[in-house]
file upload-v8.cif (mmCIF, C-alpha atoms)
data_run
#
loop_
_atom_site.label_atom_id
_atom_site.label_comp_id
_atom_site.auth_asym_id
_atom_site.auth_seq_id
_atom_site.Cartn_x
_atom_site.Cartn_y
_atom_site.Cartn_z
CA MET A 81 75.37 102.20 105.10
CA SER A 82 76.69 104.04 108.14
CA SER A 83 78.59 102.04 110.73
CA ASN A 84 76.24 103.22 113.48
CA GLN A 85 73.10 101.75 111.88
CA SER A 86 71.67 98.33 112.59
CA LEU A 87 72.01 95.59 110.00
CA SER A 88 68.93 94.58 108.01
CA LEU A 89 67.37 91.16 108.57
CA SER A 90 68.38 89.98 105.08
CA THR A 91 72.00 90.99 105.74
CA ILE A 92 72.01 89.13 109.07
CA VAL A 93 70.56 86.01 107.43
CA GLY A 94 73.15 86.28 104.66
CA MET A 95 76.00 86.44 107.16
CA VAL A 96 74.64 83.43 109.05
CA VAL A 97 74.67 81.49 105.75
CA VAL A 98 78.28 82.61 105.14
CA ALA A 99 79.26 81.34 108.60
CA ILE A 100 77.56 77.99 107.94
CA LEU A 101 79.37 77.62 104.60
CA TRP A 102 82.71 78.34 106.32
CA ALA A 103 81.86 75.86 109.07
CA ILE A 104 81.48 72.94 106.65
CA CYS A 105 85.05 73.55 105.42
CA PHE A 106 86.91 72.18 108.44
CA PRO A 107 85.49 68.62 108.51
CA PHE A 108 85.79 68.27 104.72
CA ILE A 109 89.40 69.47 104.71
CA SER A 110 90.24 66.87 107.37
CA VAL A 111 88.63 64.14 105.26
CA GLY A 112 90.50 65.16 102.10
CA LEU A 113 94.00 65.85 103.45
CA PRO A 114 95.14 62.19 103.46
CA ASP A 115 94.50 62.05 99.70
CA ALA A 116 96.43 65.14 98.53
CA PRO A 117 99.24 67.49 99.62
CA PRO A 118 97.78 70.52 101.46
CA LEU A 119 98.80 73.36 99.11
CA LEU A 120 97.90 71.38 95.98
CA PHE A 121 94.57 70.47 97.63
CA ALA A 122 93.90 74.16 98.36
CA SER A 123 94.86 75.09 94.79
CA LEU A 124 92.42 72.55 93.35
CA ARG A 125 89.66 73.93 95.55
CA ALA A 126 90.28 77.54 94.46
CA LEU A 127 90.71 76.63 90.78
CA LEU A 128 87.43 74.70 90.56
CA ALA A 129 85.60 77.47 92.43
CA GLY A 130 86.98 80.15 90.12
CA MET A 131 86.13 78.20 86.98
CA PHE A 132 82.61 77.58 88.30
CA LEU A 133 82.00 81.33 88.81
CA ILE A 134 83.39 82.28 85.40
CA VAL A 135 81.17 79.68 83.70
CA ILE A 136 78.16 81.11 85.55
CA GLY A 137 79.15 84.61 84.48
CA MET A 138 79.41 83.50 80.85
CA LYS A 139 76.07 81.65 80.98
CA MET A 140 74.40 84.77 82.41
CA GLY A 141 75.84 86.88 79.61
CA ARG A 142 78.02 88.94 81.95
CA ARG A 143 80.97 90.65 80.29
CA LEU A 144 84.47 90.98 81.62
CA ASN A 145 85.14 94.68 82.16
CA CYS A 146 88.42 94.72 83.98
CA SER A 147 90.71 97.77 84.06
CA PHE A 148 94.41 97.51 84.91
CA ARG A 149 93.66 98.86 88.42
CA SER A 150 90.94 96.23 88.94
CA LEU A 151 93.23 93.46 87.72
CA VAL A 152 95.95 94.53 90.16
CA MET A 153 93.38 94.65 92.95
CA LEU A 154 92.09 91.17 92.07
CA ALA A 155 95.66 89.85 92.03
CA LEU A 156 96.20 91.26 95.53
CA ILE A 157 92.91 89.74 96.71
CA GLY A 158 93.81 86.42 95.12
CA PHE A 159 97.19 86.43 96.85
CA SER A 160 95.92 87.46 100.31
CA TYR A 161 92.33 86.21 100.64
CA THR A 162 92.64 83.02 98.58
CA GLY A 163 96.38 82.26 98.54
CA MET A 164 97.36 83.12 102.11
CA GLY A 165 93.91 82.39 103.59
CA LEU A 166 93.42 78.92 102.11
CA GLY A 167 97.12 78.08 102.26
CA GLY A 168 97.31 78.80 105.97
CA MET A 169 94.08 76.92 106.60
CA PHE A 170 95.14 73.77 104.75
CA LEU A 171 98.74 73.73 106.06
CA GLY A 172 97.66 74.37 109.64
CA ALA A 173 94.85 71.80 109.60
CA GLY A 174 97.31 68.93 109.55
CA LYS A 175 99.58 70.22 112.30
CA VAL A 176 97.58 72.04 114.96
CA GLY A 177 94.70 70.96 117.18
CA PRO A 178 91.20 72.26 116.52
CA GLY A 179 91.27 74.50 119.60
CA VAL A 180 94.32 76.52 118.60
CA ALA A 181 93.22 76.61 114.95
CA THR A 182 89.77 77.90 115.86
CA VAL A 183 91.09 80.70 118.07
CA LEU A 184 93.76 81.86 115.62
CA ALA A 185 91.52 81.66 112.54
CA ASN A 186 88.82 83.67 114.31
CA ALA A 187 91.25 86.42 115.23
CA GLN A 188 90.73 87.55 111.62
CA PRO A 189 87.92 90.05 112.44
CA LEU A 190 90.21 91.71 114.99
CA PHE A 191 93.00 92.10 112.42
CA ALA A 192 90.52 93.38 109.83
CA ALA A 193 89.07 95.91 112.30
CA ILE A 194 92.51 97.43 112.82
CA LEU A 195 93.24 97.53 109.08
CA SER A 196 89.84 99.02 108.23
CA ILE A 197 90.48 102.03 110.46
CA PHE A 198 93.43 103.06 108.30
CA VAL A 199 92.43 101.72 104.86
CA LEU A 200 88.63 101.96 104.78
CA LYS A 201 88.33 104.85 107.25
CA GLU A 202 85.50 102.98 108.96
CA VAL A 203 84.28 104.37 112.24
CA ILE A 204 84.79 102.00 115.18
CA THR A 205 82.40 102.52 118.07
CA VAL A 206 82.74 101.49 121.69
CA ARG A 207 79.97 98.94 121.24
CA LEU A 208 81.62 97.43 118.17
CA TYR A 209 84.91 97.02 120.03
CA LEU A 210 83.02 95.46 122.94
CA GLY A 211 81.14 93.07 120.66
CA LEU A 212 84.36 92.00 118.91
CA PHE A 213 86.03 91.38 122.26
CA ILE A 214 83.09 89.40 123.69
CA GLY A 215 82.75 87.35 120.51
CA PHE A 216 86.45 86.47 120.47
CA VAL A 217 86.32 85.50 124.16
CA GLY A 218 83.44 83.17 123.27
CA VAL A 219 85.54 81.57 120.53
CA VAL A 220 88.44 81.08 122.96
CA VAL A 221 86.12 79.38 125.49
CA LEU A 222 84.62 77.24 122.71
CA ALA A 223 88.07 76.10 121.66
CA LEU A 224 89.42 75.23 125.12
CA PRO A 225 88.53 71.49 124.97
CA GLY A 226 90.46 71.15 121.70
CA PHE A 227 93.74 72.76 122.72
CA ASP A 228 96.78 70.58 122.22
CA PHE A 229 100.49 71.09 122.78
CA GLY A 230 102.12 68.69 120.32
CA ALA A 231 105.55 69.11 118.75
CA ASP A 232 104.17 70.66 115.55
CA ARG A 233 101.83 73.03 117.38
CA PHE A 234 103.94 76.16 116.92
CA ILE A 235 104.44 75.69 113.17
CA GLY A 236 100.79 74.79 112.66
CA ALA A 237 99.65 77.78 114.71
CA LEU A 238 101.91 80.03 112.65
CA TYR A 239 100.36 78.73 109.41
CA VAL A 240 96.83 79.37 110.69
CA LEU A 241 97.80 82.84 111.94
CA VAL A 242 99.33 83.76 108.56
CA GLY A 243 96.12 82.53 106.93
CA ALA A 244 94.02 84.71 109.27
CA VAL A 245 96.14 87.77 108.46
CA GLY A 246 95.83 87.04 104.73
CA THR A 247 92.05 86.69 105.02
CA ALA A 248 91.85 89.97 106.96
CA ILE A 249 93.88 91.82 104.31
CA GLY A 250 91.77 90.22 101.57
CA ASN A 251 88.53 91.23 103.29
CA VAL A 252 89.63 94.87 103.45
CA LEU A 253 90.56 94.77 99.75
CA LEU A 254 87.25 93.04 98.92
CA LYS A 255 85.40 95.83 100.70
CA LEU A 256 87.21 98.37 98.52
CA GLN A 257 86.25 96.39 95.40
CA ALA A 258 82.67 95.44 96.36
CA GLY A 259 79.89 97.08 94.39
CA GLU A 260 82.14 98.37 91.60
CA GLU A 261 81.35 95.68 89.01
CA ASP A 262 79.77 92.29 88.35
CA VAL A 263 80.54 89.71 91.03
CA TYR A 264 81.06 86.50 89.03
CA TRP A 265 83.97 87.46 86.77
CA PRO A 266 85.99 89.37 89.40
CA MET A 267 85.58 86.69 92.07
CA GLY A 268 86.27 83.94 89.55
CA ILE A 269 89.45 85.70 88.42
CA GLN A 270 90.76 86.28 91.95
CA LEU A 271 90.12 82.63 92.84
CA ILE A 272 92.02 81.42 89.77
CA LEU A 273 94.87 83.83 90.53
CA GLY A 274 94.86 82.58 94.12
CA ALA A 275 94.92 78.99 92.86
CA THR A 276 97.96 79.90 90.75
CA PHE A 277 99.76 81.33 93.79
CA LEU A 278 98.95 78.18 95.77
CA PHE A 279 100.14 75.92 92.93
CA VAL A 280 103.46 77.80 92.72
CA ALA A 281 103.81 77.52 96.52
CA SER A 282 103.12 73.78 96.21
CA LEU A 283 105.89 73.46 93.61
CA LEU A 284 108.33 75.45 95.74
CA ALA A 285 107.49 73.27 98.75
CA GLY A 286 108.21 70.14 96.71
CA GLU A 287 104.82 68.58 97.46
CA GLY A 288 104.63 66.62 94.23
CA PHE A 289 101.49 65.78 92.29
CA LYS A 290 100.32 62.60 93.96
CA VAL A 291 96.55 62.85 94.43
CA ASP A 292 94.36 59.86 95.27
CA TRP A 293 91.31 60.63 93.15
CA THR A 294 88.76 58.50 94.97
CA TRP A 295 85.04 59.27 94.79
CA SER A 296 85.30 60.47 98.37
CA PHE A 297 88.09 62.95 97.56
CA ALA A 298 86.32 64.18 94.42
CA GLY A 299 83.18 64.80 96.47
CA VAL A 300 85.20 66.68 99.10
CA VAL A 301 86.81 68.93 96.47
CA PHE A 302 83.39 69.64 94.94
CA VAL A 303 81.78 70.59 98.27
CA LEU A 304 84.74 72.77 99.27
CA ALA A 305 84.92 74.45 95.85
CA VAL A 306 81.29 75.09 94.94
CA PRO A 307 79.14 75.77 98.02
CA ALA A 308 81.92 76.48 100.53
CA THR A 309 83.98 78.76 98.26
CA ALA A 310 82.24 79.88 95.06
CA LEU A 311 78.77 80.46 96.48
CA MET A 312 80.14 81.75 99.77
CA VAL A 313 82.43 84.34 98.19
CA VAL A 314 79.64 85.61 95.90
CA LEU A 315 77.34 86.09 98.87
CA TRP A 316 80.14 87.67 100.92
CA TYR A 317 80.97 90.08 98.08
CA GLU A 318 77.31 91.11 97.77
CA LEU A 319 77.03 91.66 101.53
CA LEU A 320 80.19 93.79 101.60
CA ALA A 321 78.50 96.16 99.14
CA ARG A 322 75.66 96.66 101.65
CA ALA A 323 77.30 97.14 105.03
CA PRO A 324 80.59 98.06 106.77
CA LEU A 325 83.14 95.27 107.02
CA ASN A 326 83.38 95.61 110.79
CA LYS A 327 79.64 95.02 111.19
CA LEU A 328 79.74 91.89 109.01
CA ASN A 329 83.05 90.27 109.93
CA PRO A 330 82.17 89.35 113.55
CA PHE A 331 79.57 86.90 112.22
CA THR A 332 82.51 84.64 111.37
CA PHE A 333 82.69 83.99 115.12
CA LEU A 334 79.66 81.76 114.48
CA THR A 335 81.77 79.40 112.36
CA PRO A 336 82.97 77.22 115.28
CA VAL A 337 79.45 77.32 116.74
CA PHE A 338 77.99 75.89 113.55
CA GLY A 339 80.92 73.47 113.39
CA LEU A 340 79.86 72.06 116.75
CA LEU A 341 76.23 71.89 115.63
CA ILE A 342 77.23 69.99 112.49
CA GLY A 343 79.19 67.57 114.66
CA ALA A 344 76.18 67.06 116.93
CA LEU A 345 73.71 66.58 114.07
CA PHE A 346 75.77 64.36 111.76
CA PHE A 347 78.54 62.83 113.88
CA ASP A 348 76.74 62.18 117.19
CA GLU A 349 78.98 64.60 119.08
CA THR A 350 77.79 66.12 122.34
CA PHE A 351 78.28 69.57 123.84
CA SER A 352 80.27 70.02 127.02
CA ALA A 353 79.41 72.69 129.60
CA ILE A 354 82.43 74.70 128.42
CA GLU A 355 81.26 74.58 124.79
CA ILE A 356 77.73 75.64 125.72
CA THR A 357 79.21 78.55 127.69
CA GLY A 358 81.37 79.52 124.70
CA ILE A 359 78.37 79.45 122.36
CA ALA A 360 76.40 81.70 124.73
CA ILE A 361 79.26 84.22 125.01
CA THR A 362 79.79 84.27 121.23
CA VAL A 363 76.10 84.89 120.56
CA ALA A 364 76.08 87.63 123.21
CA GLY A 365 78.95 89.39 121.43
CA LEU A 366 77.06 89.27 118.13
CA ILE A 367 73.92 90.64 119.76
CA VAL A 368 75.94 93.59 121.03
CA ILE A 369 77.18 94.27 117.48
CA VAL A 370 73.92 93.69 115.62
CA ILE A 371 71.71 95.81 117.89
CA VAL A 372 73.59 99.08 117.57
CA PRO A 373 71.79 102.29 118.51
CA ASN A 374 71.59 105.18 116.04
CA GLN A 375 73.70 107.45 118.19
CA GLU A 376 76.82 106.07 119.79
CA LYS A 377 80.22 107.33 120.91
CA ARG A 378 82.92 106.93 118.29
CA VAL A 379 86.40 105.84 119.23
CA ALA A 380 88.05 105.69 115.79
#

call {"tool": "encode", "arguments": {"input": "upload-v8.cif", "output": "structure tokens"}}
result
Amino acid sequence: MSSNQSLSLSTIVGMVVVAILWAICFPFISVGLPDAPPLLFASLRALLAGMFLIVIGMKMGRRLNCSFRSLVMLALIGFSYTGMGLGGMFLGAGKVGPGVATVLANAQPLFAAILSIFVLKEVITVRLYLGLFIGFVGVVVLALPGFDFGADRFIGALYVLVGAVGTAIGNVLLKLQAGEEDVYWPMGIQLILGATFLFVASLLAGEGFKVDWTWSFAGVVFVLAVPATALMVVLWYELLARAPLNKLNPFTFLTPVFGLLIGALFFDETFSAIEITGIAITVAGLIVIVIVPNQEKRVA
């Protein structure tokens, strides 16, 4: 699909589902963090998700056809997308306020756009740049009520930023891999490799193995691993095979929007005028990206 064509309705719906699945991560991580060290918690999430996908692949009769090049690529994806991405998310969640975390995590599409120019040779149009900028401004406005300036803010922000960079690198590598082979085995393998990286990082950090396996924590791990990771990454992988990364990635700006909606629907939270303004700006940025004319000036 050319980068100057509009996305299909099924692709748009798929990306909205991806954003919703990402949005449910943040409240569940907050619930589970008191019961387990962050890196070990992230490793458990990735491990269960990877095992779930491999079991599905086996049940569907899919065969593992993995060359040395593919295995190296999956190791790199596991390290960046799963290891750095989840590690930064879980470490930052306990140290930084939701405002800073939201802004830094949603800088990922901007990082990926820069990388894709050089690695994927994707064409970046004026309208795509404009949509990315508007969408990110909307995220910043959305996050303003949650900004905090505590003592651990800098370290927490750094963790989240490293996670965003890792996710951006992983997304570019996933785009290179997408469409080449069956989705379940490759994504299962990269998640297990990512879980291994996270477990080693947990050992190096001296976190220990103390996990409070309550029914609540077990439920949190299941939700984070199966719908929010396994199913999400399969859908994301399939979508990357259909459309340019830079047309899909900005939909992640919807994650904090859906996060607010989840809070309003299930936790009796209310929207402030600033949050409503942020939602409107974010949606406007996505409209600019989604409705792209067939002919448009290229800038990269």

call {"tool": "residues_around", "arguments": {"input": "upload-v8.cif", "residues": "Phe191 (chain A)", "least_positions_apart": "6", "cutoff": "9 Å", "atoms": "only C-alpha atoms", "output": "list of chain:residue names"}}
result
A:Ala244, A:Val245, A:Ala248, A:Ile249

call {"tool": "residues_around", "arguments": {"input": "upload-v8.cif", "residues": "Trp316 (chain A)", "least_positions_apart": "4", "cutoff": "7 Å", "atoms": "all atoms listed in the file", "output": "ChimeraX atom specification"}}
result
/A:98,312,320

call {"tool": "resolve_selection", "arguments": {"input": "upload-v8.cif", "expression": "the PyMOL selection byres ((chain A and resi 338) around 9)", "output": "list in words"}}
result
Ala99, Ile100, Trp102, Ala103, Ile104, Leu334, Thr335, Pro336, Val337, Gly339, Leu340, Leu341, Ile342 and Gly343 of chain A

call {"tool": "closest_residue", "arguments": {"input": "upload-v8.cif", "among": "A:Ile354, A:Ala344, A:Leu328, A:Ala364", "to": "Gly94 (chain A)", "atoms": "all atoms listed in the file"}}
result
A:Leu328

call {"tool": "closest_residue", "arguments": {"input": "upload-v8.cif", "among": "A:Leu283, A:Val313, A:Ile269, A:Val263", "to": "Arg142 (chain A)", "atoms": "only C-alpha atoms"}}
result
A:Val263

call {"tool": "build_atoms", "arguments": {"input": "upload-v8.cif", "residues": "region 307-318 of chain A", "atoms": "all heavy atoms", "output": "compact mmCIF listing (two decimals), in the frame of the given file"}}
result
# COMPACT_ATOMS: atom_id res chain seq x y z
N PRO A 307 79.88 75.04 96.99
CA PRO A 307 79.14 75.77 98.02
C PRO A 307 80.02 76.53 99.00
O PRO A 307 79.75 77.69 99.34
CB PRO A 307 78.33 74.68 98.73
CG PRO A 307 79.04 73.42 98.45
CD PRO A 307 79.69 73.58 97.12
N ALA A 308 81.12 75.90 99.46
CA ALA A 308 81.92 76.48 100.53
C ALA A 308 82.89 77.56 100.07
O ALA A 308 83.46 78.27 100.90
CB ALA A 308 82.70 75.38 101.26
N THR A 309 83.09 77.70 98.76
CA THR A 309 83.98 78.76 98.26
C THR A 309 83.26 79.64 97.25
O THR A 309 83.09 80.84 97.48
CB THR A 309 85.24 78.17 97.62
OG1 THR A 309 85.94 77.37 98.57
CG2 THR A 309 86.18 79.28 97.16
N ALA A 310 82.84 79.07 96.12
CA ALA A 310 82.24 79.88 95.06
C ALA A 310 80.98 80.60 95.53
O ALA A 310 80.87 81.83 95.42
CB ALA A 310 81.94 79.00 93.85
N LEU A 311 80.02 79.84 96.04
CA LEU A 311 78.77 80.46 96.48
C LEU A 311 78.98 81.36 97.69
O LEU A 311 78.38 82.43 97.79
CB LEU A 311 77.74 79.36 96.80
CG LEU A 311 77.37 78.44 95.64
CD1 LEU A 311 76.29 77.46 96.06
CD2 LEU A 311 76.89 79.26 94.43
N MET A 312 79.86 80.95 98.59
CA MET A 312 80.14 81.75 99.77
C MET A 312 80.75 83.10 99.41
O MET A 312 80.34 84.14 99.92
CB MET A 312 81.06 80.98 100.72
CG MET A 312 81.32 81.68 102.06
SD MET A 312 82.58 82.98 102.01
CE MET A 312 84.01 82.02 101.53
N VAL A 313 81.73 83.09 98.51
CA VAL A 313 82.43 84.34 98.19
C VAL A 313 81.52 85.29 97.41
O VAL A 313 81.62 86.51 97.56
CB VAL A 313 83.74 84.05 97.42
CG1 VAL A 313 83.50 83.77 95.95
CG2 VAL A 313 84.72 85.21 97.58
N VAL A 314 80.61 84.76 96.59
CA VAL A 314 79.64 85.61 95.90
C VAL A 314 78.72 86.29 96.90
O VAL A 314 78.48 87.51 96.83
CB VAL A 314 78.82 84.79 94.88
CG1 VAL A 314 77.60 85.58 94.41
CG2 VAL A 314 79.68 84.41 93.69
N LEU A 315 78.21 85.52 97.84
CA LEU A 315 77.34 86.09 98.87
C LEU A 315 78.09 87.10 99.72
O LEU A 315 77.58 88.19 100.04
CB LEU A 315 76.79 84.95 99.74
CG LEU A 315 75.85 85.36 100.89
CD1 LEU A 315 74.67 86.16 100.37
CD2 LEU A 315 75.38 84.13 101.65
N TRP A 316 79.31 86.78 100.10
CA TRP A 316 80.14 87.67 100.92
C TRP A 316 80.41 88.98 100.19
O TRP A 316 80.33 90.07 100.76
CB TRP A 316 81.44 86.95 101.26
CG TRP A 316 82.45 87.68 102.08
CD1 TRP A 316 83.78 87.82 101.78
CD2 TRP A 316 82.28 88.34 103.34
NE1 TRP A 316 84.43 88.52 102.76
CE2 TRP A 316 83.53 88.86 103.73
CE3 TRP A 316 81.18 88.54 104.17
CZ2 TRP A 316 83.72 89.56 104.91
CZ3 TRP A 316 81.36 89.25 105.35
CH2 TRP A 316 82.61 89.74 105.71
N TYR A 317 80.71 88.90 98.90
CA TYR A 317 80.97 90.08 98.08
C TYR A 317 79.73 90.97 98.02
O TYR A 317 79.82 92.20 98.13
CB TYR A 317 81.38 89.62 96.69
CG TYR A 317 81.91 90.70 95.78
CD1 TYR A 317 83.24 91.12 95.85
CD2 TYR A 317 81.09 91.29 94.81
CE1 TYR A 317 83.74 92.09 94.99
CE2 TYR A 317 81.58 92.27 93.95
CZ TYR A 317 82.90 92.66 94.05
OH TYR A 317 83.38 93.63 93.21
N GLU A 318 78.57 90.35 97.84
CA GLU A 318 77.31 91.11 97.77
C GLU A 318 77.02 91.79 99.12
O GLU A 318 76.56 92.94 99.16
CB GLU A 318 76.15 90.17 97.40
CG GLU A 318 76.27 89.52 96.04
CD GLU A 318 75.83 90.45 94.91
OE1 GLU A 318 75.53 91.62 95.19
OE2 GLU A 318 75.81 89.99 93.76
